[in-house]
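Data from data05.pdb: PDB, C-alpha atoms
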ATOM      1  CA  MET A   1      83.302  85.056 -74.989  1.00  0.00           C
ATOM      2  CA  GLU A   2      82.092  83.272 -71.875  1.00  0.00           C
ATOM      3  CA  PHE A   3      85.570  83.494 -70.337  1.00  0.00           C
ATOM      4  CA  MET A   4      85.542  87.268 -70.747  1.00  0.00           C
ATOM      5  CA  SER A   5      82.212  87.627 -68.933  1.00  0.00           C
ATOM      6  CA  ILE A   6      83.451  85.421 -66.064  1.00  0.00           C
ATOM      7  CA  PHE A   7      86.638  87.470 -65.856  1.00  0.00           C
ATOM      8  CA  LEU A   8      84.737  90.763 -65.804  1.00  0.00           C
ATOM      9  CA  ALA A   9      82.376  89.491 -63.125  1.00  0.00           C
ATOM     10  CA  ALA A  10      85.300  88.335 -60.972  1.00  0.00           C
ATOM     11  CA  THR A  11      87.186  91.591 -61.357  1.00  0.00           C
ATOM     12  CA  ALA A  12      84.145  93.718 -60.578  1.00  0.00           C
ATOM     13  CA  ALA A  13      83.892  92.160 -57.110  1.00  0.00           C
ATOM     14  CA  ALA A  14      87.650  92.310 -56.460  1.00  0.00           C
ATOM     15  CA  ASP A  15      89.443  94.818 -54.269  1.00  0.00           C
ATOM     16  CA  PRO A  16      90.753  97.790 -56.326  1.00  0.00           C
ATOM     17  CA  THR A  17      94.220  97.528 -54.806  1.00  0.00           C
ATOM     18  CA  VAL A  18      94.430  93.866 -55.789  1.00  0.00           C
ATOM     19  CA  MET A  19      93.476  94.812 -59.334  1.00  0.00           C
ATOM     20  CA  ALA A  20      96.069  97.585 -59.374  1.00  0.00           C
ATOM     21  CA  LYS A  21      98.775  95.197 -58.155  1.00  0.00           C
ATOM     22  CA  ALA A  22      97.769  92.640 -60.770  1.00  0.00           C
ATOM     23  CA  LEU A  23      97.954  95.260 -63.509  1.00  0.00           C
ATOM     24  CA  VAL A  24     101.408  96.396 -62.338  1.00  0.00           C
ATOM     25  CA  LEU A  25     102.712  92.832 -62.325  1.00  0.00           C
ATOM     26  CA  MET A  26     101.141  92.130 -65.696  1.00  0.00           C
ATOM     27  CA  GLY A  27     102.655  95.263 -67.216  1.00  0.00           C
ATOM     28  CA  CYS A  28     106.107  94.441 -65.839  1.00  0.00           C
ATOM     29  CA  ALA A  29     105.920  90.886 -67.171  1.00  0.00           C
ATOM     30  CA  ILE A  30     104.844  92.009 -70.636  1.00  0.00           C
ATOM     31  CA  GLY A  31     107.488  94.746 -70.695  1.00  0.00           C
ATOM     32  CA  ALA A  32     110.211  92.300 -69.646  1.00  0.00           C
ATOM     33  CA  GLY A  33     109.197  89.884 -72.391  1.00  0.00           C
ATOM     34  CA  LEU A  34     109.273  92.633 -74.992  1.00  0.00           C
ATOM     35  CA  ALA A  35     112.647  93.875 -73.735  1.00  0.00           C
ATOM     36  CA  LEU A  36     114.149  90.411 -74.058  1.00  0.00           C
ATOM     37  CA  ILE A  37     113.086  90.253 -77.702  1.00  0.00           C
ATOM     38  CA  ALA A  38     115.882  92.785 -78.247  1.00  0.00           C
ATOM     39  CA  GLY A  39     118.340  89.876 -78.144  1.00  0.00           C
ATOM     40  CA  ILE A  40     117.186  88.603 -81.525  1.00  0.00           C
ATOM     41  CA  GLY A  41     118.568  91.521 -83.546  1.00  0.00           C
ATOM     42  CA  PRO A  42     122.171  91.340 -82.311  1.00  0.00           C
ATOM     43  CA  GLY A  43     122.222  87.591 -82.827  1.00  0.00           C
ATOM     44  CA  ILE A  44     121.182  87.915 -86.459  1.00  0.00           C
ATOM     45  CA  GLY A  45     123.509  90.877 -87.057  1.00  0.00           C
ATOM     46  CA  GLU A  46     126.534  89.209 -85.508  1.00  0.00           C
ATOM     47  CA  GLY A  47     125.955  86.018 -87.473  1.00  0.00           C
ATOM     48  CA  PHE A  48     125.751  88.017 -90.682  1.00  0.00           C
ATOM     49  CA  ALA A  49     128.937  89.951 -89.800  1.00  0.00           C
ATOM     50  CA  VAL A  50     130.912  86.791 -89.018  1.00  0.00           C
ATOM     51  CA  GLY A  51     129.763  85.195 -92.263  1.00  0.00           C
ATOM     52  CA  LYS A  52     130.875  88.204 -94.286  1.00  0.00           C
ATOM     53  CA  ALA A  53     134.195  88.294 -92.399  1.00  0.00           C
ATOM     54  CA  CYS A  54     134.800  84.648 -93.311  1.00  0.00           C
ATOM     55  CA  GLU A  55     134.089  85.471 -96.947  1.00  0.00           C
ATOM     56  CA  ALA A  56     136.505  88.413 -96.814  1.00  0.00           C
ATOM     57  CA  ILE A  57     139.262  86.280 -95.264  1.00  0.00           C
ATOM     58  CA  ALA A  58     138.689  83.603 -97.918  1.00  0.00           C
ATOM     59  CA  ARG A  59     139.143  86.208-100.675  1.00  0.00           C
ATOM     60  CA  GLN A  60     142.167  87.967 -99.136  1.00  0.00           C
ATOM     61  CA  PRO A  61     143.878  85.780 -96.518  1.00  0.00           C
ATOM     62  CA  GLU A  62     146.655  88.363 -96.009  1.00  0.00           C
ATOM     63  CA  GLN A  63     144.086  90.783 -94.492  1.00  0.00           C
ATOM     64  CA  LYS A  64     143.008  88.296 -91.833  1.00  0.00           C
ATOM     65  CA  GLY A  65     144.167  90.418 -88.880  1.00  0.00           C
ATOM     66  CA  SER A  66     142.432  93.636 -89.896  1.00  0.00           C
ATOM     67  CA  VAL A  67     139.213  91.876 -90.919  1.00  0.00           C
ATOM     68  CA  THR A  68     139.080  89.951 -87.632  1.00  0.00           C
ATOM     69  CA  THR A  69     139.738  93.076 -85.564  1.00  0.00           C
ATOM     70  CA  THR A  70     137.044  95.058 -87.362  1.00  0.00           C
ATOM     71  CA  MET A  71     134.587  92.168 -87.082  1.00  0.00           C
ATOM     72  CA  LEU A  72     135.154  91.799 -83.329  1.00  0.00           C
ATOM     73  CA  MET A  73     134.685  95.528 -82.745  1.00  0.00           C
ATOM     74  CA  GLY A  74     131.453  95.491 -84.751  1.00  0.00           C
ATOM     75  CA  CYS A  75     130.159  92.451 -82.871  1.00  0.00           C
ATOM     76  CA  ALA A  76     130.964  94.086 -79.527  1.00  0.00           C
ATOM     77  CA  VAL A  77     129.042  97.215 -80.475  1.00  0.00           C
ATOM     78  CA  ALA A  78     126.104  95.169 -81.792  1.00  0.00           C
ATOM     79  CA  GLU A  79     125.988  93.076 -78.624  1.00  0.00           C
ATOM     80  CA  THR A  80     125.393  96.125 -76.438  1.00  0.00           C
ATOM     81  CA  THR A  81     121.838  96.376 -77.763  1.00  0.00           C
ATOM     82  CA  GLY A  82     121.073  92.860 -76.599  1.00  0.00           C
ATOM     83  CA  LEU A  83     122.701  93.483 -73.228  1.00  0.00           C
ATOM     84  CA  TYR A  84     120.680  96.660 -72.712  1.00  0.00           C
ATOM     85  CA  GLY A  85     117.485  94.744 -73.440  1.00  0.00           C
ATOM     86  CA  PHE A  86     118.537  91.976 -71.040  1.00  0.00           C
ATOM     87  CA  ILE A  87     119.267  94.460 -68.249  1.00  0.00           C
ATOM     88  CA  ILE A  88     115.954  96.256 -68.791  1.00  0.00           C
ATOM     89  CA  GLY A  89     114.160  92.901 -68.668  1.00  0.00           C
ATOM     90  CA  LEU A  90     115.853  91.991 -65.378  1.00  0.00           C
ATOM     91  CA  LEU A  91     115.001  95.382 -63.901  1.00  0.00           C
ATOM     92  CA  LEU A  92     111.366  95.004 -64.930  1.00  0.00           C
ATOM     93  CA  ILE A  93     111.152  91.548 -63.387  1.00  0.00           C
ATOM     94  CA  PHE A  94     112.939  92.140 -60.082  1.00  0.00           C
ATOM     95  CA  LEU A  95     113.090  95.866 -59.315  1.00  0.00           C
ATOM     96  CA  ALA A  96     110.145  97.659 -60.923  1.00  0.00           C
ATOM     97  CA  PRO A  97     107.284  95.655 -59.347  1.00  0.00           C
ATOM     98  CA  ASN A  98     108.537  96.436 -55.831  1.00  0.00           C
ATOM     99  CA  MET A  99     108.902 100.125 -56.663  1.00  0.00           C
ATOM    100  CA  PHE A 100     105.344 100.365 -57.948  1.00  0.00           C
ATOM    101  CA  LEU A 101     103.707  98.060 -55.407  1.00  0.00           C
ATOM    102  CA  ASN A 102     105.196  99.952 -52.458  1.00  0.00           C
ATOM    103  CA  LYS A 103     103.350 103.071 -53.619  1.00  0.00           C
ATOM    104  CA  LEU A 104      99.946 101.361 -53.648  1.00  0.00           C
TER
END
What does the file become when written as structure tokens?
Amino acid sequence: MEFMSIFLAATAAADPTVMAKALVLMGCAIGAGLALIAGIGPGIGEGFAVGKACEAIARQPEQKGSVTTTMLMGCAVAETTGLYGFIIGLLLIFLAPNMFLNKL
């Protein structure tokens, strides 16, 4: 509780543009962290798909080619979600702060 009162007292005396810049940087950092969480889903999904493909090949070894092809296509499509999140995170870290701070 004491930390919050010290923080509020320090921010009340601060320059409004400094506070605005701090809020922009904070928002970009939080957004980038949340965007990078998107990499968890594809990792879990691809691991599950590869496991099921191994089970399918163990049951019917003669279908190895078609199962592998389908699995690779599914993994490629699932990976795009993680890549989109990664690109958004990079944009929020490197590009967005400059765009917003130049307008202040």
**OP:** Kindly indicate which residue among A:Cys75, A:Leu83, A:Ala56, A:Ala29 lies nearest to Ile44 in chain A, using only C-alpha atoms for the distances.
**Re:** A:Cys75
Original post:
Leaving out range 36-43 of chain A and any residue of its chain fewer than 5 positions from it, which residues lie within 10 Å of it when counting all atoms listed in the file, given as a VMD selection string?
Top reply: chain A and resid 31 48 to 49 75 to 90
Need the axis-aligned box for range 23-42 of chain A with 8 Å each side, so what are the centre and edges in Å to one decimal, as AutoDock Vina command-line options?
--center_x 110.1 --center_y 92.5 --center_z -72.9 --size_x 40.2 --size_y 23.8 --size_z 37.2
**OP:** For CA of Gln60 in chain A and CA of Glu46 in chain A, determine how far apart the two atoms are, in Å to one decimal place.
**Re:**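 Here the two named atoms are 20.8 Å from each other.
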Original post:
What separation in Å, quoted to one decimal, exists between CA of Ala32 in chain A and CA of Val50 in chain A?
Top reply: 28.9 Å
Can you patch up range 24-47 of chain A, filling it in to N, CA and C atoms, and show the result as a PDB file, in the coordinates of the input?
ATOM      1  N   VAL A  24      99.983  96.042 -62.393  1.00  0.00           N
ATOM      2  CA  VAL A  24     101.408  96.396 -62.338  1.00  0.00           C
ATOM      3  C   VAL A  24     102.259  95.185 -62.667  1.00  0.00           C
ATOM      4  N   LEU A  25     101.938  94.048 -62.056  1.00  0.00           N
ATOM      5  CA  LEU A  25     102.712  92.832 -62.325  1.00  0.00           C
ATOM      6  C   LEU A  25     102.571  92.383 -63.777  1.00  0.00           C
ATOM      7  N   MET A  26     101.363  92.505 -64.310  1.00  0.00           N
ATOM      8  CA  MET A  26     101.141  92.130 -65.696  1.00  0.00           C
ATOM      9  C   MET A  26     101.938  93.037 -66.642  1.00  0.00           C
ATOM     10  N   GLY A  27     101.911  94.329 -66.373  1.00  0.00           N
ATOM     11  CA  GLY A  27     102.655  95.263 -67.216  1.00  0.00           C
ATOM     12  C   GLY A  27     104.154  95.020 -67.163  1.00  0.00           C
ATOM     13  N   CYS A  28     104.671  94.726 -65.967  1.00  0.00           N
ATOM     14  CA  CYS A  28     106.107  94.441 -65.839  1.00  0.00           C
ATOM     15  C   CYS A  28     106.478  93.163 -66.570  1.00  0.00           C
ATOM     16  N   ALA A  29     105.628  92.147 -66.491  1.00  0.00           N
ATOM     17  CA  ALA A  29     105.920  90.886 -67.171  1.00  0.00           C
ATOM     18  C   ALA A  29     105.897  91.056 -68.691  1.00  0.00           C
ATOM     19  N   ILE A  30     104.921  91.773 -69.190  1.00  0.00           N
ATOM     20  CA  ILE A  30     104.844  92.009 -70.636  1.00  0.00           C
ATOM     21  C   ILE A  30     106.023  92.858 -71.096  1.00  0.00           C
ATOM     22  N   GLY A  31     106.349  93.899 -70.335  1.00  0.00           N
ATOM     23  CA  GLY A  31     107.488  94.746 -70.695  1.00  0.00           C
ATOM     24  C   GLY A  31     108.799  93.985 -70.687  1.00  0.00           C
ATOM     25  N   ALA A  32     108.985  93.093 -69.704  1.00  0.00           N
ATOM     26  CA  ALA A  32     110.211  92.300 -69.646  1.00  0.00           C
ATOM     27  C   ALA A  32     110.303  91.360 -70.847  1.00  0.00           C
ATOM     28  N   GLY A  33     109.190  90.762 -71.210  1.00  0.00           N
ATOM     29  CA  GLY A  33     109.197  89.884 -72.391  1.00  0.00           C
ATOM     30  C   GLY A  33     109.529  90.637 -73.660  1.00  0.00           C
ATOM     31  N   LEU A  34     108.975  91.820 -73.809  1.00  0.00           N
ATOM     32  CA  LEU A  34     109.273  92.633 -74.992  1.00  0.00           C
ATOM     33  C   LEU A  34     110.723  93.110 -74.989  1.00  0.00           C
ATOM     34  N   ALA A  35     111.251  93.423 -73.812  1.00  0.00           N
ATOM     35  CA  ALA A  35     112.647  93.875 -73.735  1.00  0.00           C
ATOM     36  C   ALA A  35     113.602  92.750 -74.106  1.00  0.00           C
ATOM     37  N   LEU A  36     113.257  91.525 -73.755  1.00  0.00           N
ATOM     38  CA  LEU A  36     114.149  90.411 -74.058  1.00  0.00           C
ATOM     39  C   LEU A  36     114.112  90.016 -75.532  1.00  0.00           C
ATOM     40  N   ILE A  37     113.115  90.485 -76.254  1.00  0.00           N
ATOM     41  CA  ILE A  37     113.086  90.253 -77.702  1.00  0.00           C
ATOM     42  C   ILE A  37     114.239  90.998 -78.375  1.00  0.00           C
ATOM     43  N   ALA A  38     114.772  92.006 -77.691  1.00  0.00           N
ATOM     44  CA  ALA A  38     115.882  92.785 -78.247  1.00  0.00           C
ATOM     45  C   ALA A  38     117.124  91.938 -78.488  1.00  0.00           C
ATOM     46  N   GLY A  39     117.192  90.749 -77.922  1.00  0.00           N
ATOM     47  CA  GLY A  39     118.340  89.876 -78.144  1.00  0.00           C
ATOM     48  C   GLY A  39     118.353  89.216 -79.511  1.00  0.00           C
ATOM     49  N   ILE A  40     117.254  89.250 -80.213  1.00  0.00           N
ATOM     50  CA  ILE A  40     117.186  88.603 -81.525  1.00  0.00           C
ATOM     51  C   ILE A  40     118.002  89.368 -82.561  1.00  0.00           C
ATOM     52  N   GLY A  41     117.878  90.687 -82.552  1.00  0.00           N
ATOM     53  CA  GLY A  41     118.568  91.521 -83.546  1.00  0.00           C
ATOM     54  C   GLY A  41     120.075  91.383 -83.518  1.00  0.00           C
ATOM     55  N   PRO A  42     120.712  91.509 -82.355  1.00  0.00           N
ATOM     56  CA  PRO A  42     122.171  91.340 -82.311  1.00  0.00           C
ATOM     57  C   PRO A  42     122.626  89.956 -82.743  1.00  0.00           C
ATOM     58  N   GLY A  43     121.846  88.940 -82.410  1.00  0.00           N
ATOM     59  CA  GLY A  43     122.222  87.591 -82.827  1.00  0.00           C
ATOM     60  C   GLY A  43     122.249  87.444 -84.340  1.00  0.00           C
ATOM     61  N   ILE A  44     121.235  87.973 -84.994  1.00  0.00           N
ATOM     62  CA  ILE A  44     121.182  87.915 -86.459  1.00  0.00           C
ATOM     63  C   ILE A  44     122.300  88.768 -87.061  1.00  0.00           C
ATOM     64  N   GLY A  45     122.479  89.979 -86.521  1.00  0.00           N
ATOM     65  CA  GLY A  45     123.509  90.877 -87.057  1.00  0.00           C
ATOM     66  C   GLY A  45     124.914  90.338 -86.887  1.00  0.00           C
ATOM     67  N   GLU A  46     125.194  89.755 -85.736  1.00  0.00           N
ATOM     68  CA  GLU A  46     126.534  89.209 -85.508  1.00  0.00           C
ATOM     69  C   GLU A  46     126.793  87.987 -86.395  1.00  0.00           C
ATOM     70  N   GLY A  47     125.788  87.166 -86.570  1.00  0.00           N
ATOM     71  CA  GLY A  47     125.955  86.018 -87.473  1.00  0.00           C
ATOM     72  C   GLY A  47     126.231  86.463 -88.898  1.00  0.00           C
TER      73      GLY A  47
END
